[in-house]
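**Q** Next comes work09.cif, mmCIF, C-alpha atoms:
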data_structure
loop_
_atom_site.label_atom_id
_atom_site.label_comp_id
_atom_site.auth_asym_id
_atom_site.auth_seq_id
_atom_site.Cartn_x
_atom_site.Cartn_y
_atom_site.Cartn_z
CA MET N 26 -13.74 -11.33 -9.56
CA LYS N 27 -14.47 -12.89 -12.93
CA VAL N 28 -15.78 -11.38 -16.16
CA HIS N 29 -17.50 -13.37 -18.93
CA LEU N 30 -16.34 -11.94 -22.25
CA ARG N 31 -19.63 -12.81 -23.99
CA GLN N 32 -21.47 -10.44 -21.66
CA ILE N 33 -19.48 -7.44 -22.91
CA PRO N 34 -21.36 -5.71 -25.77
CA GLU N 35 -19.38 -5.54 -29.01
CA GLY N 36 -17.66 -2.16 -29.23
CA GLY N 37 -19.04 -1.13 -25.83
CA THR N 38 -18.48 -1.60 -22.13
CA LEU N 39 -20.18 -3.60 -19.43
CA HIS N 40 -20.83 -1.96 -16.07
CA LEU N 41 -20.32 -4.26 -13.07
CA GLU N 42 -21.28 -3.16 -9.60
CA GLY N 43 -21.60 -5.13 -6.41
CA GLU N 44 -19.85 -6.80 -3.53
CA GLU N 45 -17.56 -9.79 -3.36
CA ASP N 46 -16.00 -11.99 -0.69
CA PRO N 47 -12.52 -10.58 0.10
CA ALA N 48 -11.04 -13.99 1.01
CA SER N 49 -9.08 -14.17 -2.27
CA LEU N 50 -7.34 -10.84 -1.58
CA GLY N 51 -4.89 -12.38 0.91
CA LEU N 52 -5.08 -9.41 3.27
CA GLU N 53 -3.85 -11.51 6.18
CA GLU N 54 -0.43 -11.58 4.47
CA ALA N 55 -0.27 -7.84 5.12
CA GLU N 56 -1.60 -8.29 8.68
CA ALA N 57 -4.94 -6.75 7.75
CA GLU N 58 -8.29 -8.38 8.39
CA PRO N 59 -11.12 -7.67 5.97
CA ILE N 60 -14.30 -6.26 7.46
CA GLY N 61 -17.31 -6.81 5.27
CA LEU N 62 -17.31 -7.37 1.55
CA LEU N 63 -15.17 -5.86 -1.21
CA GLU N 64 -17.27 -3.22 -2.97
CA TYR N 65 -16.67 -2.55 -6.66
CA SER N 66 -17.99 -0.43 -9.50
CA LEU N 67 -16.20 -1.26 -12.75
CA ASP N 68 -16.57 -0.68 -16.47
CA VAL N 69 -15.04 -3.46 -18.57
CA GLY N 70 -14.55 -3.64 -22.30
CA LEU N 71 -12.44 -5.15 -25.04
CA SER N 72 -9.70 -3.41 -27.00
CA ASP N 73 -6.72 -4.58 -29.06
CA GLY N 74 -6.88 -8.23 -27.99
CA GLY N 75 -7.23 -7.42 -24.32
CA LEU N 76 -9.76 -6.68 -21.63
CA PHE N 77 -9.68 -3.35 -19.86
CA ALA N 78 -11.33 -2.51 -16.56
CA THR N 79 -11.65 0.89 -14.91
CA GLY N 80 -13.57 2.04 -11.88
CA ALA N 81 -13.54 2.06 -8.10
CA LEU N 82 -12.87 -0.45 -5.30
CA ALA N 83 -13.39 -0.20 -1.54
CA GLN N 84 -12.51 -2.59 1.28
CA ARG N 85 -12.76 -1.93 5.01
CA VAL N 86 -9.94 -3.54 7.03
CA ALA N 87 -8.84 -3.92 10.63
CA MET N 88 -5.14 -3.46 11.41
CA THR N 89 -2.97 -3.24 14.51
CA CYS N 90 -1.20 0.03 15.24
CA VAL N 91 2.58 -0.40 15.40
CA SER N 92 2.84 2.18 18.19
CA CYS N 93 0.05 1.42 20.67
CA LEU N 94 -0.80 -2.13 19.47
CA GLU N 95 -4.51 -1.30 19.41
CA THR N 96 -6.73 -2.56 16.60
CA PHE N 97 -8.25 0.10 14.39
CA GLU N 98 -10.32 0.16 11.21
CA ARG N 99 -9.52 1.88 7.93
CA GLU N 100 -11.26 1.94 4.57
CA ILE N 101 -9.01 1.27 1.60
CA VAL N 102 -10.49 3.13 -1.38
CA ILE N 103 -9.25 3.05 -4.94
CA ASP N 104 -11.13 5.66 -6.98
CA SER N 105 -9.12 5.19 -10.16
CA PHE N 106 -8.62 1.45 -10.59
CA ALA N 107 -7.42 0.63 -14.11
CA THR N 108 -6.02 -2.53 -15.63
CA GLN N 109 -5.46 -4.11 -19.04
CA ILE N 110 -5.28 -7.89 -19.34
CA GLU N 111 -4.18 -9.77 -22.45
CA LEU N 112 -6.72 -12.33 -23.57
CA ASP N 113 -5.51 -15.93 -23.64
CA GLY N 114 -8.44 -17.53 -25.46
CA ASN N 115 -10.53 -18.21 -22.35
CA GLU N 116 -14.07 -16.87 -22.19
CA LEU N 117 -13.69 -16.11 -18.49
CA VAL N 118 -11.20 -13.46 -17.32
CA ASP N 119 -10.26 -13.22 -13.64
CA LEU N 120 -9.49 -9.73 -12.28
CA THR N 121 -8.67 -10.98 -8.77
CA ARG N 122 -4.88 -10.67 -9.10
CA GLU N 123 -5.03 -7.06 -10.30
CA VAL N 124 -7.61 -6.05 -7.67
CA ARG N 125 -5.54 -7.76 -4.95
CA GLU N 126 -2.35 -6.01 -6.05
CA ASP N 127 -3.91 -2.53 -6.04
CA ILE N 128 -5.40 -3.02 -2.57
CA HIS N 129 -2.12 -4.39 -1.17
CA LEU N 130 -0.25 -1.37 -2.53
CA LEU N 131 -2.45 0.93 -0.44
CA LEU N 132 -2.04 -1.02 2.80
CA PRO N 133 0.52 0.71 5.04
CA ALA N 134 3.68 -1.27 5.82
CA HIS N 135 3.68 0.18 9.35
CA PRO N 136 0.04 0.97 10.15
CA ARG N 137 -0.63 3.67 12.72
CA CYS N 138 -4.04 4.40 14.19
CA ASP N 139 -3.41 8.15 13.88
CA GLN N 140 -2.71 8.14 10.13
CA GLY N 141 -5.14 10.47 8.46
CA GLY N 142 -5.45 12.67 11.55
CA GLN N 143 -8.79 11.23 12.66
CA LYS N 144 -7.51 10.26 16.10
CA THR N 145 -4.47 10.66 18.32
CA CYS N 146 -2.46 7.54 19.03
CA PRO N 147 -2.22 6.93 22.79
CA ALA N 148 1.42 5.96 22.32
CA SER N 149 2.38 9.21 20.55
CA PHE N 150 5.46 11.00 21.80
CA PRO N 151 6.18 14.71 21.58
CA ALA N 152 8.23 15.66 18.54
CA SER N 153 11.05 17.00 20.75
CA ALA N 154 11.41 13.60 22.43
CA ARG N 155 11.72 11.80 19.08
CA THR N 156 14.32 14.12 17.59
CA ALA N 157 16.47 14.95 20.61
CA PRO N 158 19.73 13.01 20.81
CA LEU N 159 20.26 10.67 23.70
CA PRO N 160 22.70 11.88 26.43
CA MET N 161 25.28 9.30 25.37
CA GLU N 162 25.07 10.49 21.75
CA LYS N 163 26.05 14.03 22.79
CA ALA N 164 29.21 12.74 24.45
CA ALA N 165 30.08 10.28 21.70
CA ARG N 166 29.80 12.63 18.72
CA PRO N 167 32.64 15.02 19.60
CA ALA N 168 34.98 12.12 20.38
CA ILE N 169 34.29 10.51 17.01
CA TRP N 170 34.91 13.72 15.07
CA GLU N 171 37.95 14.50 17.16
CA ALA N 172 39.52 11.19 16.17
CA LEU N 173 38.82 11.88 12.50
CA ASP N 174 40.27 15.39 12.77
CA GLN N 175 43.52 13.85 14.00
CA LEU N 176 43.99 11.89 10.76
CA LYS N 177 46.47 13.45 8.41
CA THR N 178 45.78 13.72 4.71
CA PRO N 179 48.69 12.66 2.50
CA PRO N 180 50.18 15.46 0.39
CA SER N 181 48.64 15.82 -3.06
CA ASP N 182 52.01 16.23 -4.82
CA GLY N 183 52.62 12.45 -4.81
CA SER N 184 55.35 12.49 -2.14
CA THR N 185 54.94 10.39 0.99
#
Mind turning the file's structure into structure tokens?
**A**
Amino acid sequence: MKVHLRQIPEGGTLHLEGEEDPASLGLEEAEAEPIGLLEYSLDVGLSDGGLFATGALAQRVAMTCVSCLETFEREIVIDSFATQIELDGNELVDLTREVREDIHLLLPAHPRCDQGGQKTCPASFPASARTAPLPMEKAARPAIWEALDQLKTPPSDGST
């Protein structure tokens, strides 16, 4: 996503709205597949030797649930995108890196199809099954603590 500085009115902002190919976002690195185009609505301007951009971004993605391994879709929406880029003398400023970073930050590290409560994951387990200790853990815990209880603490008066 590139901005031509000459298009920005002096002392004002330029409104940019549209769609762009998401190929440069590198979503496959995060195991997400873009669906459709990246939508954006940005206001860009110049201040103190830099370019600022504020606005909104939206990208629909397909991901695989870590629990049930089914593919599901999710819309990544950034309502308060904001960045400031120092100008380096070029007339063309590329916002791709900043847009990419903000979208990657919202992608879940362990995507689940039931995040957001819109559906129930077929691989969900009851809460009691996830938190209950295994039978072997019940037997092992007392033995571990028992061994520690048998240790003697040296006297605090310095004598051995």
**Q** Output the residue selection produced by the PyMOL selection byres ((chain N and resi 67) around 8) on the file above, formatted as a count of residues only.
**A** 11
**Q** Which residue out of N:Asp127, N:Glu53, N:Asp46, N:Asp139 has the minimum interatomic distance to N:Glu98 when only C-alpha atoms are used?
**A**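 When distances to N:Glu98 are compared using only C-alpha atoms, the smallest one comes from N:Asp139.
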**Q** Using all atoms listed in the file, which of the listed residues (N:Cys93, N:Leu112, N:Leu30, N:Leu130) sits closest to N:Gly74?
**A** N:Leu112
**Q** Enumerate, as a PyMOL selection string, the residues matched when the PyMOL selection byres ((chain N and resi 28) around 6) is run on the file above.
**A** chain N and resi 27+29+117-118
**Q** Taking every listed atom of stretch 104-119 of chain N and adding 6 Å to each side, what centre and edge lengths in Å (one decimal) does the axis-aligned box have, as JSON?
**A**
{"center_x": -9.1, "center_y": -6.3, "center_z": -16.2, "size_x": 21.9, "size_y": 35.9, "size_z": 30.5}
**Q** Using all atoms listed in the file, which of N:Ile33, N:Cys138, N:Leu76, N:Ala83 sits nearest N:Asp113?
**A**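 Closest to N:Asp113 of all the choices is N:Leu76.
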**Q** Could you list, as an MDAnalysis selection string, every residue matched by the PyMOL selection byres ((chain N and resi 56) around 12) in this structure?
**A** chainID N and resid 51:55 57:59 86:91 96 129 132:136
**Q** Can I get the selected residues back with C-alpha atoms, as a PDB file, in the coordinates of the input?
**A**
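File written: again25.pdb
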ATOM      1  CA  GLY N  51      -4.890 -12.380   0.910  1.00  0.00           C
ATOM      2  CA  LEU N  52      -5.080  -9.410   3.270  1.00  0.00           C
ATOM      3  CA  GLU N  53      -3.850 -11.510   6.180  1.00  0.00           C
ATOM      4  CA  GLU N  54      -0.430 -11.580   4.470  1.00  0.00           C
ATOM      5  CA  ALA N  55      -0.270  -7.840   5.120  1.00  0.00           C
ATOM      6  CA  ALA N  57      -4.940  -6.750   7.750  1.00  0.00           C
ATOM      7  CA  GLU N  58      -8.290  -8.380   8.390  1.00  0.00           C
ATOM      8  CA  PRO N  59     -11.120  -7.670   5.970  1.00  0.00           C
ATOM      9  CA  VAL N  86      -9.940  -3.540   7.030  1.00  0.00           C
ATOM     10  CA  ALA N  87      -8.840  -3.920  10.630  1.00  0.00           C
ATOM     11  CA  MET N  88      -5.140  -3.460  11.410  1.00  0.00           C
ATOM     12  CA  THR N  89      -2.970  -3.240  14.510  1.00  0.00           C
ATOM     13  CA  CYS N  90      -1.200   0.030  15.240  1.00  0.00           C
ATOM     14  CA  VAL N  91       2.580  -0.400  15.400  1.00  0.00           C
ATOM     15  CA  THR N  96      -6.730  -2.560  16.600  1.00  0.00           C
ATOM     16  CA  HIS N 129      -2.120  -4.390  -1.170  1.00  0.00           C
ATOM     17  CA  LEU N 132      -2.040  -1.020   2.800  1.00  0.00           C
ATOM     18  CA  PRO N 133       0.520   0.710   5.040  1.00  0.00           C
ATOM     19  CA  ALA N 134       3.680  -1.270   5.820  1.00  0.00           C
ATOM     20  CA  HIS N 135       3.680   0.180   9.350  1.00  0.00           C
ATOM     21  CA  PRO N 136       0.040   0.970  10.150  1.00  0.00           C
TER      22      PRO N 136
END
**Q** Within 7 Å of stretch 61-64 of chain N, counting only C-alpha atoms, which residues qualify if same-chain residues fewer than 4 places away don't, as a count of residues only?
**A** 9
**Q** My list of candidates is N:Ser92, N:Ser49, N:Asn115, N:Ser105. Which is closest to N:Arg137 when distances are computed with only C-alpha atoms?
**A**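 Of the candidates, the smallest distance to N:Arg137 is held by N:Ser92.
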**Q** Rank N:Glu116, N:Glu126, N:Asp104, N:Glu35 by their smallest atom-to-atom distance to N:Gly70, using all atoms listed in the file, and report the top residue only.
**A** N:Glu35
**Q** Quick check, in Å to one decimal: how far apart do atom CA of N:Gln109 and atom CA of N:Gly75 lie?
**A** 6.5 Å
**Q** When you draw a straight line from atom CA of N:Asp73 to atom CA of N:Ile128, how long is it in Å?
**A** 26.6 Å
**Q** Please report the interatomic distance between atom CA of N:Val124 and atom CA of N:Met26 in Å with one decimal.
**A**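 For atom CA of N:Val124 relative to atom CA of N:Met26, the distance reads 8.3 Å.
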**Q** For N:Thr145, which residue among N:Arg122, N:Phe97, N:Ala107, N:Thr38 is the nearest when counting only C-alpha atoms?
**A**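 Among N:Arg122, N:Phe97, N:Ala107, N:Thr38, it is N:Phe97 that comes nearest to N:Thr145.
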